[in-house]
Amino acid sequence: MRILFLGDSITDAGRNREDPASLGSGYPLLVSARLSLEQPGRYGFRNTGVGGDRSVDIYARIKRDCWNLKPDLLSLLAGINDVWHELGDRNGVGAERFYRICRMLAADTVERLPEVKLLLMEPFVLPGTGTSEDWEAFAREMPLRAQAVREIAGEFGGLYLPLQARFDEACARCPAAYWLSDGVHPTPAGHQLIADAWLSLFEKYANTLSG
């Protein structure tokens, strides 16, 4: 079973883009480590995350970095840069456009790869050094991106992985910076939180295949 991780810097996590086997140091590596330990040889993994990508950037490279690789499961995390880039150089992607782009990405992928399963991850944010100055905008805009992802997952029969509530709950145990170093990028603990949630959802899906 070929599992492909697609997204921005949270997924990229410092991978070596010259090495197709490199998974970076984030949640894709943790997911692959666990599944490879538990079921040796059953899964193959690729990470094509690219730091800084917005939804439109991911869609622009979808053929090279997804369709050509023919995954059985596509795991996608996008949305934070669609908001963040607007607050910086005014080059973000509005909520309605984000929905259209992500829906087109899902529709085109399912058309090209009819057997693929989509696992769409909720984008998340916490107060931090990279977000607090514009927190009102993040708090307003990120739920709109999350709603779009949830609706698209439902429309195309995909798996939807909610993450914002998990990070919010984690902040009751340790401050936000313990989980997301700047309010956006996960720390090792944050990546483990994502990986645990991903694996829990994937296990339920895998059980339906074996059952």
# chains A, B, ... in the order shown; residues from 1 in each chain; ligands from 1
>>> closest_atom_pairs(of="range 63-158 of chain A", to="range 52-59 of chain A", cutoff="8 Å", atoms="only C-alpha atoms", output="tab-separated table")
residue	atom	partner	partner_atom	distance
A:Ala78	CA	A:Ser55	CA	6.1
A:Gly79	CA	A:Ser55	CA	6.6
A:Ile80	CA	A:Arg54	CA	7.7
A:Asn81	CA	A:Arg54	CA	5.2
A:Asp82	CA	A:Arg54	CA	5.1
A:Gly92	CA	A:Arg54	CA	7.6
A:Val93	CA	A:Arg54	CA	7.4
A:Phe98	CA	A:Ser55	CA	6.6
A:Ile101	CA	A:Val56	CA	6.5
A:Cys102	CA	A:Ser55	CA	6.7
A:Leu105	CA	A:Tyr59	CA	6.1
>>> residues_around(residues="Met142 in chain A", least_positions_apart="4", cutoff="10 Å", atoms="only C-alpha atoms", output="NGL selection string")
:A and (79-80 or 82-84 or 95 or 122-125 or 137-138 or 146-148 or 164)
>>> write_last_selection(atoms="C-alpha atoms", output="JSON list (two decimals), in the first residue's frame")
[["chain", "number", "residue", "atom", "x", "y", "z"],
["A", 79, "GLY", "CA", -4.39, 25.86, 4.77],
["A", 80, "ILE", "CA", -2.14, 27.73, 7.17],
["A", 82, "ASP", "CA", -3.29, 30.47, 2.62],
["A", 83, "VAL", "CA", -3.98, 32.69, 5.63],
["A", 84, "TRP", "CA", -0.42, 33.50, 6.73],
["A", 95, "ALA", "CA", -11.59, 31.07, 2.03],
["A", 122, "GLU", "CA", -7.68, 19.86, 9.43],
["A", 123, "PRO", "CA", -5.32, 22.86, 9.39],
["A", 124, "PHE", "CA", -4.58, 24.23, 12.86],
["A", 125, "VAL", "CA", -3.04, 27.22, 14.62],
["A", 137, "ALA", "CA", -7.32, 37.13, 11.61],
["A", 138, "PHE", "CA", -6.09, 33.60, 12.29],
["A", 146, "ALA", "CA", -11.17, 23.68, 8.37],
["A", 147, "GLN", "CA", -14.83, 23.71, 7.34],
["A", 148, "ALA", "CA", -13.84, 23.57, 3.68],
["A", 164, "GLN", "CA", -7.43, 21.89, 16.15]]
>>> select_by_dssp(residues="range 66-149 of chain A", states="alpha helix (DSSP H)", output="PDB file with N, CA, C and O atoms, in the first residue's frame")
ATOM      1  N   ILE A  80      -2.716  26.682   6.344  1.00  0.00           N
ATOM      2  CA  ILE A  80      -2.143  27.733   7.174  1.00  0.00           C
ATOM      3  C   ILE A  80      -1.492  28.823   6.326  1.00  0.00           C
ATOM      4  O   ILE A  80      -1.635  30.016   6.612  1.00  0.00           O
ATOM      5  N   ASN A  81      -0.791  28.439   5.262  1.00  0.00           N
ATOM      6  CA  ASN A  81      -0.121  29.451   4.444  1.00  0.00           C
ATOM      7  C   ASN A  81      -1.106  30.273   3.611  1.00  0.00           C
ATOM      8  O   ASN A  81      -0.799  31.410   3.235  1.00  0.00           O
ATOM      9  N   ASP A  82      -2.268  29.718   3.335  1.00  0.00           N
ATOM     10  CA  ASP A  82      -3.292  30.470   2.621  1.00  0.00           C
ATOM     11  C   ASP A  82      -3.721  31.695   3.425  1.00  0.00           C
ATOM     12  O   ASP A  82      -4.088  32.723   2.863  1.00  0.00           O
ATOM     13  N   VAL A  83      -3.671  31.568   4.737  1.00  0.00           N
ATOM     14  CA  VAL A  83      -3.977  32.685   5.632  1.00  0.00           C
ATOM     15  C   VAL A  83      -2.724  33.506   5.911  1.00  0.00           C
ATOM     16  O   VAL A  83      -2.714  34.740   5.792  1.00  0.00           O
ATOM     17  N   TRP A  84      -1.651  32.844   6.278  1.00  0.00           N
ATOM     18  CA  TRP A  84      -0.420  33.504   6.727  1.00  0.00           C
ATOM     19  C   TRP A  84       0.163  34.405   5.639  1.00  0.00           C
ATOM     20  O   TRP A  84       0.624  35.520   5.922  1.00  0.00           O
ATOM     21  N   HIS A  85       0.165  33.941   4.398  1.00  0.00           N
ATOM     22  CA  HIS A  85       0.760  34.735   3.323  1.00  0.00           C
ATOM     23  C   HIS A  85      -0.030  36.009   3.035  1.00  0.00           C
ATOM     24  O   HIS A  85       0.539  36.987   2.546  1.00  0.00           O
ATOM     25  N   GLU A  86      -1.302  35.994   3.342  1.00  0.00           N
ATOM     26  CA  GLU A  86      -2.096  37.208   3.161  1.00  0.00           C
ATOM     27  C   GLU A  86      -1.708  38.263   4.187  1.00  0.00           C
ATOM     28  O   GLU A  86      -1.709  39.461   3.893  1.00  0.00           O
ATOM     29  N   LEU A  87      -1.359  37.825   5.371  1.00  0.00           N
ATOM     30  CA  LEU A  87      -1.009  38.751   6.448  1.00  0.00           C
ATOM     31  C   LEU A  87       0.391  39.311   6.259  1.00  0.00           C
ATOM     32  O   LEU A  87       0.720  40.346   6.845  1.00  0.00           O
ATOM     33  N   GLY A  88       1.213  38.635   5.466  1.00  0.00           N
ATOM     34  CA  GLY A  88       2.561  39.118   5.209  1.00  0.00           C
ATOM     35  C   GLY A  88       2.635  39.936   3.938  1.00  0.00           C
ATOM     36  O   GLY A  88       2.512  41.161   3.971  1.00  0.00           O
ATOM     37  N   ALA A  95     -10.910  32.287   1.608  1.00  0.00           N
ATOM     38  CA  ALA A  95     -11.592  31.072   2.025  1.00  0.00           C
ATOM     39  C   ALA A  95     -12.365  30.413   0.881  1.00  0.00           C
ATOM     40  O   ALA A  95     -12.317  29.191   0.709  1.00  0.00           O
ATOM     41  N   GLU A  96     -13.093  31.194   0.111  1.00  0.00           N
ATOM     42  CA  GLU A  96     -13.876  30.611  -0.985  1.00  0.00           C
ATOM     43  C   GLU A  96     -12.967  30.037  -2.060  1.00  0.00           C
ATOM     44  O   GLU A  96     -13.245  28.953  -2.598  1.00  0.00           O
ATOM     45  N   ARG A  97     -11.887  30.734  -2.356  1.00  0.00           N
ATOM     46  CA  ARG A  97     -10.947  30.225  -3.355  1.00  0.00           C
ATOM     47  C   ARG A  97     -10.238  28.979  -2.837  1.00  0.00           C
ATOM     48  O   ARG A  97      -9.985  28.034  -3.596  1.00  0.00           O
ATOM     49  N   PHE A  98      -9.900  28.978  -1.553  1.00  0.00           N
ATOM     50  CA  PHE A  98      -9.298  27.794  -0.942  1.00  0.00           C
ATOM     51  C   PHE A  98     -10.208  26.586  -1.125  1.00  0.00           C
ATOM     52  O   PHE A  98      -9.746  25.493  -1.492  1.00  0.00           O
ATOM     53  N   TYR A  99     -11.502  26.773  -0.864  1.00  0.00           N
ATOM     54  CA  TYR A  99     -12.447  25.671  -1.030  1.00  0.00           C
ATOM     55  C   TYR A  99     -12.463  25.187  -2.478  1.00  0.00           C
ATOM     56  O   TYR A  99     -12.410  23.972  -2.729  1.00  0.00           O
ATOM     57  N   ARG A 100     -12.506  26.106  -3.417  1.00  0.00           N
ATOM     58  CA  ARG A 100     -12.570  25.711  -4.834  1.00  0.00           C
ATOM     59  C   ARG A 100     -11.309  24.959  -5.252  1.00  0.00           C
ATOM     60  O   ARG A 100     -11.378  23.948  -5.955  1.00  0.00           O
ATOM     61  N   ILE A 101     -10.152  25.457  -4.818  1.00  0.00           N
ATOM     62  CA  ILE A 101      -8.890  24.811  -5.192  1.00  0.00           C
ATOM     63  C   ILE A 101      -8.797  23.415  -4.585  1.00  0.00           C
ATOM     64  O   ILE A 101      -8.433  22.439  -5.256  1.00  0.00           O
ATOM     65  N   CYS A 102      -9.115  23.298  -3.291  1.00  0.00           N
ATOM     66  CA  CYS A 102      -9.005  21.995  -2.631  1.00  0.00           C
ATOM     67  C   CYS A 102     -10.033  21.016  -3.172  1.00  0.00           C
ATOM     68  O   CYS A 102      -9.744  19.817  -3.306  1.00  0.00           O
ATOM     69  N   ARG A 103     -11.219  21.507  -3.507  1.00  0.00           N
ATOM     70  CA  ARG A 103     -12.219  20.611  -4.077  1.00  0.00           C
ATOM     71  C   ARG A 103     -11.768  20.143  -5.460  1.00  0.00           C
ATOM     72  O   ARG A 103     -11.943  18.960  -5.818  1.00  0.00           O
ATOM     73  N   MET A 104     -11.196  21.042  -6.233  1.00  0.00           N
ATOM     74  CA  MET A 104     -10.695  20.674  -7.547  1.00  0.00           C
ATOM     75  C   MET A 104      -9.551  19.667  -7.417  1.00  0.00           C
ATOM     76  O   MET A 104      -9.465  18.707  -8.200  1.00  0.00           O
ATOM     77  N   LEU A 105      -8.701  19.876  -6.431  1.00  0.00           N
ATOM     78  CA  LEU A 105      -7.603  18.939  -6.194  1.00  0.00           C
ATOM     79  C   LEU A 105      -8.148  17.541  -5.884  1.00  0.00           C
ATOM     80  O   LEU A 105      -7.677  16.540  -6.433  1.00  0.00           O
ATOM     81  N   ALA A 106      -9.158  17.495  -5.017  1.00  0.00           N
ATOM     82  CA  ALA A 106      -9.747  16.201  -4.662  1.00  0.00           C
ATOM     83  C   ALA A 106     -10.454  15.570  -5.856  1.00  0.00           C
ATOM     84  O   ALA A 106     -10.267  14.383  -6.143  1.00  0.00           O
ATOM     85  N   ALA A 107     -11.253  16.365  -6.561  1.00  0.00           N
ATOM     86  CA  ALA A 107     -12.014  15.832  -7.697  1.00  0.00           C
ATOM     87  C   ALA A 107     -11.093  15.329  -8.794  1.00  0.00           C
ATOM     88  O   ALA A 107     -11.294  14.235  -9.350  1.00  0.00           O
ATOM     89  N   ASP A 108     -10.084  16.103  -9.125  1.00  0.00           N
ATOM     90  CA  ASP A 108      -9.167  15.711 -10.191  1.00  0.00           C
ATOM     91  C   ASP A 108      -8.344  14.486  -9.793  1.00  0.00           C
ATOM     92  O   ASP A 108      -8.035  13.638 -10.633  1.00  0.00           O
ATOM     93  N   THR A 109      -7.990  14.403  -8.521  1.00  0.00           N
ATOM     94  CA  THR A 109      -7.209  13.261  -8.058  1.00  0.00           C
ATOM     95  C   THR A 109      -8.035  11.979  -8.104  1.00  0.00           C
ATOM     96  O   THR A 109      -7.555  10.929  -8.568  1.00  0.00           O
ATOM     97  N   VAL A 110      -9.276  12.060  -7.663  1.00  0.00           N
ATOM     98  CA  VAL A 110     -10.143  10.879  -7.696  1.00  0.00           C
ATOM     99  C   VAL A 110     -10.451  10.470  -9.138  1.00  0.00           C
ATOM    100  O   VAL A 110     -10.556   9.276  -9.452  1.00  0.00           O
ATOM    101  N   GLU A 111     -10.576  11.463 -10.027  1.00  0.00           N
ATOM    102  CA  GLU A 111     -10.806  11.141 -11.435  1.00  0.00           C
ATOM    103  C   GLU A 111      -9.581  10.455 -12.035  1.00  0.00           C
ATOM    104  O   GLU A 111      -9.699   9.490 -12.794  1.00  0.00           O
ATOM    105  N   ARG A 112      -8.396  10.952 -11.690  1.00  0.00           N
ATOM    106  CA  ARG A 112      -7.162  10.394 -12.239  1.00  0.00           C
ATOM    107  C   ARG A 112      -6.816   9.052 -11.589  1.00  0.00           C
ATOM    108  O   ARG A 112      -6.301   8.146 -12.262  1.00  0.00           O
ATOM    109  N   TRP A 135      -3.609  37.557  15.586  1.00  0.00           N
ATOM    110  CA  TRP A 135      -4.408  36.441  16.078  1.00  0.00           C
ATOM    111  C   TRP A 135      -5.882  36.544  15.682  1.00  0.00           C
ATOM    112  O   TRP A 135      -6.527  35.531  15.388  1.00  0.00           O
ATOM    113  N   GLU A 136      -6.436  37.725  15.668  1.00  0.00           N
ATOM    114  CA  GLU A 136      -7.851  37.859  15.300  1.00  0.00           C
ATOM    115  C   GLU A 136      -8.096  37.332  13.887  1.00  0.00           C
ATOM    116  O   GLU A 136      -9.110  36.677  13.629  1.00  0.00           O
ATOM    117  N   ALA A 137      -7.173  37.609  12.979  1.00  0.00           N
ATOM    118  CA  ALA A 137      -7.317  37.127  11.607  1.00  0.00           C
ATOM    119  C   ALA A 137      -7.194  35.611  11.556  1.00  0.00           C
ATOM    120  O   ALA A 137      -7.981  34.941  10.873  1.00  0.00           O
ATOM    121  N   PHE A 138      -6.232  35.059  12.270  1.00  0.00           N
ATOM    122  CA  PHE A 138      -6.088  33.598  12.287  1.00  0.00           C
ATOM    123  C   PHE A 138      -7.323  32.942  12.889  1.00  0.00           C
ATOM    124  O   PHE A 138      -7.817  31.934  12.369  1.00  0.00           O
ATOM    125  N   ALA A 139      -7.800  33.494  13.990  1.00  0.00           N
ATOM    126  CA  ALA A 139      -8.962  32.915  14.672  1.00  0.00           C
ATOM    127  C   ALA A 139     -10.214  32.992  13.807  1.00  0.00           C
ATOM    128  O   ALA A 139     -11.105  32.142  13.908  1.00  0.00           O
ATOM    129  N   ARG A 140     -10.286  33.978  12.959  1.00  0.00           N
ATOM    130  CA  ARG A 140     -11.441  34.129  12.060  1.00  0.00           C
ATOM    131  C   ARG A 140     -11.310  33.241  10.823  1.00  0.00           C
ATOM    132  O   ARG A 140     -12.291  32.614  10.392  1.00  0.00           O
ATOM    133  N   GLU A 141     -10.130  33.189  10.257  1.00  0.00           N
ATOM    134  CA  GLU A 141      -9.949  32.548   8.953  1.00  0.00           C
ATOM    135  C   GLU A 141      -9.685  31.039   9.007  1.00  0.00           C
ATOM    136  O   GLU A 141     -10.121  30.302   8.120  1.00  0.00           O
ATOM    137  N   MET A 142      -8.980  30.576  10.006  1.00  0.00           N
ATOM    138  CA  MET A 142      -8.633  29.161  10.024  1.00  0.00           C
ATOM    139  C   MET A 142      -9.839  28.228  10.138  1.00  0.00           C
ATOM    140  O   MET A 142      -9.891  27.191   9.475  1.00  0.00           O
ATOM    141  N   PRO A 143     -10.871  28.572  10.939  1.00  0.00           N
ATOM    142  CA  PRO A 143     -12.053  27.707  10.963  1.00  0.00           C
ATOM    143  C   PRO A 143     -12.739  27.606   9.604  1.00  0.00           C
ATOM    144  O   PRO A 143     -13.355  26.569   9.298  1.00  0.00           O
ATOM    145  N   LEU A 144     -12.644  28.637   8.779  1.00  0.00           N
ATOM    146  CA  LEU A 144     -13.235  28.579   7.444  1.00  0.00           C
ATOM    147  C   LEU A 144     -12.487  27.566   6.578  1.00  0.00           C
ATOM    148  O   LEU A 144     -13.100  26.836   5.786  1.00  0.00           O
ATOM    149  N   ARG A 145     -11.160  27.510   6.724  1.00  0.00           N
ATOM    150  CA  ARG A 145     -10.379  26.517   5.974  1.00  0.00           C
ATOM    151  C   ARG A 145     -10.686  25.111   6.486  1.00  0.00           C
ATOM    152  O   ARG A 145     -10.812  24.169   5.705  1.00  0.00           O
ATOM    153  N   ALA A 146     -10.838  24.984   7.791  1.00  0.00           N
ATOM    154  CA  ALA A 146     -11.165  23.681   8.365  1.00  0.00           C
ATOM    155  C   ALA A 146     -12.524  23.190   7.874  1.00  0.00           C
ATOM    156  O   ALA A 146     -12.696  22.014   7.523  1.00  0.00           O
ATOM    157  N   GLN A 147     -13.503  24.084   7.832  1.00  0.00           N
ATOM    158  CA  GLN A 147     -14.830  23.715   7.342  1.00  0.00           C
ATOM    159  C   GLN A 147     -14.768  23.251   5.896  1.00  0.00           C
ATOM    160  O   GLN A 147     -15.412  22.269   5.513  1.00  0.00           O
ATOM    161  N   ALA A 148     -13.982  23.948   5.082  1.00  0.00           N
ATOM    162  CA  ALA A 148     -13.841  23.567   3.675  1.00  0.00           C
ATOM    163  C   ALA A 148     -13.266  22.158   3.549  1.00  0.00           C
ATOM    164  O   ALA A 148     -13.781  21.334   2.781  1.00  0.00           O
ATOM    165  N   VAL A 149     -12.220  21.876   4.306  1.00  0.00           N
ATOM    166  CA  VAL A 149     -11.582  20.557   4.242  1.00  0.00           C
ATOM    167  C   VAL A 149     -12.562  19.475   4.695  1.00  0.00           C
ATOM    168  O   VAL A 149     -12.659  18.404   4.087  1.00  0.00           O
TER     169      VAL A 149
END
>>> atom_distance(atom1="CA of Glu151 in chain A", atom2="CA of Phe5 in chain A")
20.1 Å
>>> closest_residue(among="A:Glu169, A:Glu203, A:Glu18, A:Glu115", to="Phe156 in chain A", atoms="only C-alpha atoms")
A:Glu115
